[in-house]
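One file, entry_25.pdb, is given below (PDB, C-alpha atoms).
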ATOM      1  CA  GLN K   1      10.260  -1.992  18.133
ATOM      2  CA  LEU K   2       7.361  -2.503  15.783
ATOM      3  CA  GLN K   3       4.251  -0.523  16.727
ATOM      4  CA  LEU K   4       0.889   0.082  15.067
ATOM      5  CA  VAL K   5      -1.396   2.911  16.107
ATOM      6  CA  GLU K   6      -4.990   3.120  14.896
ATOM      7  CA  SER K   7      -7.076   6.278  14.862
ATOM      8  CA  GLY K   8     -10.188   7.692  13.230
ATOM      9  CA  GLY K   9     -12.914   5.787  15.002
ATOM     10  CA  GLY K  10     -16.005   7.411  16.419
ATOM     11  CA  LEU K  11     -19.775   7.626  16.374
ATOM     12  CA  VAL K  12     -21.449   7.925  12.987
ATOM     13  CA  GLN K  13     -25.008   7.637  11.761
ATOM     14  CA  PRO K  14     -26.073   4.812   9.445
ATOM     15  CA  GLY K  15     -25.098   5.669   5.899
ATOM     16  CA  GLY K  16     -22.200   7.797   7.057
ATOM     17  CA  SER K  17     -18.469   7.469   6.466
ATOM     18  CA  LEU K  18     -15.277   7.183   8.475
ATOM     19  CA  ARG K  19     -11.632   6.863   7.536
ATOM     20  CA  LEU K  20      -9.482   4.812   9.854
ATOM     21  CA  SER K  21      -5.713   5.236   9.916
ATOM     22  CA  CYS K  22      -3.051   2.732  10.898
ATOM     23  CA  ALA K  23       0.310   4.395  11.462
ATOM     24  CA  ALA K  24       3.365   2.149  11.561
ATOM     25  CA  PHE K  25       6.409   2.843  13.719
ATOM     26  CA  GLY K  26       9.679   0.945  13.842
ATOM     27  CA  PHE K  27       9.295  -0.690  10.446
ATOM     28  CA  THR K  28       8.495   0.186   6.861
ATOM     29  CA  LEU K  29       5.232  -0.911   5.304
ATOM     30  CA  ASN K  30       6.780  -2.134   2.075
ATOM     31  CA  ARG K  31       7.970  -5.295   3.860
ATOM     32  CA  TYR K  32       4.672  -6.101   5.542
ATOM     33  CA  ALA K  33       1.172  -7.050   4.577
ATOM     34  CA  ILE K  34      -1.366  -5.076   6.597
ATOM     35  CA  GLY K  35      -4.803  -6.227   7.593
ATOM     36  CA  TRP K  36      -7.807  -4.543   9.163
ATOM     37  CA  PHE K  37      -9.900  -6.580  11.549
ATOM     38  CA  ARG K  38     -12.825  -5.934  13.842
ATOM     39  CA  GLN K  39     -14.370  -7.409  16.928
ATOM     40  CA  ALA K  40     -17.905  -6.729  18.072
ATOM     41  CA  PRO K  41     -19.018  -7.408  21.648
ATOM     42  CA  GLY K  42     -19.507 -11.107  22.217
ATOM     43  CA  LYS K  43     -18.156 -12.045  18.803
ATOM     44  CA  GLU K  44     -14.883 -13.364  17.458
ATOM     45  CA  ARG K  45     -12.385 -11.140  15.723
ATOM     46  CA  GLU K  46     -12.969 -11.148  11.975
ATOM     47  CA  GLY K  47     -11.047  -9.962   8.974
ATOM     48  CA  VAL K  48     -12.264  -6.897   7.109
ATOM     49  CA  ALA K  49      -9.620  -6.092   4.494
ATOM     50  CA  CYS K  50      -5.941  -6.495   3.732
ATOM     51  CA  ILE K  51      -3.304  -5.030   1.466
ATOM     52  CA  SER K  52      -0.139  -6.751   0.299
ATOM     53  CA  SER K  53       3.304  -5.311   1.018
ATOM     54  CA  SER K  54       3.603  -4.278  -2.633
ATOM     55  CA  GLY K  55       0.234  -2.545  -2.448
ATOM     56  CA  GLY K  56      -0.831  -4.389  -5.561
ATOM     57  CA  THR K  57      -3.291  -6.777  -3.947
ATOM     58  CA  THR K  58      -6.256  -5.947  -1.747
ATOM     59  CA  LYS K  59      -8.922  -8.243  -0.368
ATOM     60  CA  TYR K  60     -12.192  -7.656   1.475
ATOM     61  CA  ARG K  61     -14.746  -9.627   3.386
ATOM     62  CA  ASP K  62     -17.949  -9.947   1.393
ATOM     63  CA  SER K  63     -19.904  -7.449   3.481
ATOM     64  CA  ALA K  64     -17.206  -4.808   2.967
ATOM     65  CA  LYS K  65     -16.923  -5.087  -0.792
ATOM     66  CA  GLY K  66     -18.125  -1.954  -2.540
ATOM     67  CA  ARG K  67     -18.277  -0.007   0.727
ATOM     68  CA  PHE K  68     -14.744  -0.147   2.207
ATOM     69  CA  THR K  69     -11.430   0.687   0.571
ATOM     70  CA  ILE K  70      -8.000  -0.127   1.966
ATOM     71  CA  SER K  71      -5.007   1.879   0.790
ATOM     72  CA  GLY K  72      -1.453   2.609   1.801
ATOM     73  CA  ASP K  73       0.766   5.683   1.808
ATOM     74  CA  ASN K  74       4.398   4.627   2.024
ATOM     75  CA  ALA K  75       5.577   8.216   2.438
ATOM     76  CA  LYS K  76       3.504   8.479   5.623
ATOM     77  CA  ASN K  77       4.004   4.827   6.580
ATOM     78  CA  THR K  78       0.264   4.621   7.083
ATOM     79  CA  VAL K  79      -2.537   2.367   5.879
ATOM     80  CA  TYR K  80      -6.090   3.645   5.653
ATOM     81  CA  LEU K  81      -9.499   2.053   5.685
ATOM     82  CA  GLN K  82     -12.131   4.250   4.076
ATOM     83  CA  MET K  83     -15.562   3.077   5.186
ATOM     84  CA  ASN K  84     -18.665   4.340   3.404
ATOM     85  CA  SER K  85     -22.360   3.476   3.711
ATOM     86  CA  LEU K  86     -21.794   2.331   7.260
ATOM     87  CA  GLU K  87     -24.362   0.061   8.863
ATOM     88  CA  PRO K  88     -25.111  -0.712  12.519
ATOM     89  CA  GLU K  89     -23.613  -4.158  11.890
ATOM     90  CA  ASP K  90     -20.243  -2.470  11.319
ATOM     91  CA  THR K  91     -20.114  -1.430  14.961
ATOM     92  CA  ALA K  92     -16.960  -2.910  16.514
ATOM     93  CA  VAL K  93     -13.453  -2.203  17.677
ATOM     94  CA  TYR K  94     -11.263  -2.074  14.595
ATOM     95  CA  TYR K  95      -7.671  -3.259  14.679
ATOM     96  CA  CYS K  96      -4.853  -3.168  12.193
ATOM     97  CA  ALA K  97      -2.160  -5.811  12.127
ATOM     98  CA  ALA K  98       1.093  -6.475  10.302
ATOM     99  CA  GLN K  99       2.450  -9.644   8.751
ATOM    100  CA  ASP K 100       6.153  -9.889   7.973
ATOM    101  CA  THR K 101       6.125 -11.712   4.660
ATOM    102  CA  THR K 102       8.376 -12.360   1.692
ATOM    103  CA  ASN K 103       5.286 -12.766  -0.502
ATOM    104  CA  GLN K 104       4.902  -9.183  -1.668
ATOM    105  CA  GLY K 105       1.990  -9.962  -3.933
ATOM    106  CA  ASP K 106      -0.566 -11.397  -1.573
ATOM    107  CA  CYS K 107      -2.323 -10.854   1.743
ATOM    108  CA  TYR K 108      -4.851 -12.666   3.912
ATOM    109  CA  ILE K 109      -7.733 -11.554   6.073
ATOM    110  CA  ARG K 110      -7.312 -14.335   8.615
ATOM    111  CA  PRO K 111      -6.273 -13.035  12.043
ATOM    112  CA  ALA K 112      -3.977 -16.016  12.627
ATOM    113  CA  GLU K 113      -1.708 -14.868   9.787
ATOM    114  CA  TYR K 114      -0.701 -11.690  11.613
ATOM    115  CA  ASP K 115       1.985 -11.186  14.210
ATOM    116  CA  ASP K 116       1.728  -7.625  15.447
ATOM    117  CA  TRP K 117      -1.405  -5.739  16.407
ATOM    118  CA  GLY K 118      -2.461  -2.221  17.288
ATOM    119  CA  GLN K 119      -4.588  -1.275  20.266
ATOM    120  CA  GLY K 120      -7.775  -0.727  18.264
ATOM    121  CA  THR K 121     -10.159   2.125  17.572
ATOM    122  CA  ARG K 122     -13.877   1.968  18.315
ATOM    123  CA  VAL K 123     -16.468   2.492  15.604
ATOM    124  CA  THR K 124     -20.114   2.916  16.551
ATOM    125  CA  VAL K 125     -22.792   3.193  13.894
ATOM    126  CA  SER K 126     -26.031   4.357  15.427
ATOM    127  CA  SER K 127     -28.765   6.906  14.960
TER     128      SER K 127
END

Mind converting the file's structure to structure tokens?
Amino acid sequence: QLQLVESGGGLVQPGGSLRLSCAAFGFTLNRYAIGWFRQAPGKEREGVACISSSGGTTKYRDSAKGRFTISGDNAKNTVYLQMNSLEPEDTAVYYCAAQDTTNQGDCYIRPAEYDDWGQGTRVTVSS
């Protein structure tokens, strides 16, 4: 059974960094596009970044460009989201999700594209 487990969230001061991990169980990443999403209290879930199953394509929401980096480690079957220069507006529960796709060269940061979700990890940016 396909399972995604996020970790790495926590409390960090503005300007700080966190690295989130998304470990995959029951499937291999090289068949799936992986996305990171977040949901703040009272707001809709929004896409943050994605990586194609080949690893060759990554995409980011505008506010994450230059600050966040998504990467994958096939040996560990894990996708990471390195977040630098964190801002209070980044406070949310972060989720990773998997899309079973034959299109190895592309990915999308729309939640509706994804079939399987992790339980989330909370990120709080506050002084």

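Distance annotation: of K:Gln104, K:Thr28, K:Ser126, K:Gln3, the residue with the minimal separation from Lys76 (chain K) is K:Thr28; atom set is all atoms listed in the file.
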
Counting all atoms listed in the file, what is within 6 Å of Val5 (chain K), bar same-chain residues fewer than 2 positions away, as a CSV table (one decimal) with C-alpha atoms, in the frame of the given file?
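selection17.csv, freshly written:
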chain,number,residue,atom,x,y,z
K,22,CYS,CA,-3.1,2.7,10.9
K,23,ALA,CA,0.3,4.4,11.5
K,118,GLY,CA,-2.5,-2.2,17.3

message = Ranking K:Gly56, K:Gly26, K:Gly9, K:Pro111 by minimum distance to Met83 (chain K) and counting only C-alpha atoms, which one comes first?
response =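 Looking at the shortest contact to Met83 (chain K), the residue is K:Gly9.
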
Where does the PyMOL selection byres ((chain K and resi 80) around 7) land in this file, that is, which residues does it pick, as a PyMOL selection string? chain K and resi 19-22+70-72+78-79+81-82

Please produce an output containing C-alpha atoms for each residue in the selection, written as a PDB file, keeping the file's coordinate frame.
ATOM      1  CA  ARG K  19     -11.632   6.863   7.536  1.00  0.00           C
ATOM      2  CA  LEU K  20      -9.482   4.812   9.854  1.00  0.00           C
ATOM      3  CA  SER K  21      -5.713   5.236   9.916  1.00  0.00           C
ATOM      4  CA  CYS K  22      -3.051   2.732  10.898  1.00  0.00           C
ATOM      5  CA  ILE K  70      -8.000  -0.127   1.966  1.00  0.00           C
ATOM      6  CA  SER K  71      -5.007   1.879   0.790  1.00  0.00           C
ATOM      7  CA  GLY K  72      -1.453   2.609   1.801  1.00  0.00           C
ATOM      8  CA  THR K  78       0.264   4.621   7.083  1.00  0.00           C
ATOM      9  CA  VAL K  79      -2.537   2.367   5.879  1.00  0.00           C
ATOM     10  CA  LEU K  81      -9.499   2.053   5.685  1.00  0.00           C
ATOM     11  CA  GLN K  82     -12.131   4.250   4.076  1.00  0.00           C
TER      12      GLN K  82
END

request  = Enumerate, as a count of residues only, the protein, DNA and RNA residues whose atoms approach (2.9, -9.0, 12.3) to within 9 Å, taking into account only C-alpha atoms and the coordinate frame of the file.
outcome  = 14

Env of Asp90 (chain K): 7 Å cut, atoms = only C-alpha atoms, seq-sep filter 3 positions within chain, self excluded. Answer as an MDAnalysis selection string.
chainID K and resid 86:87 125
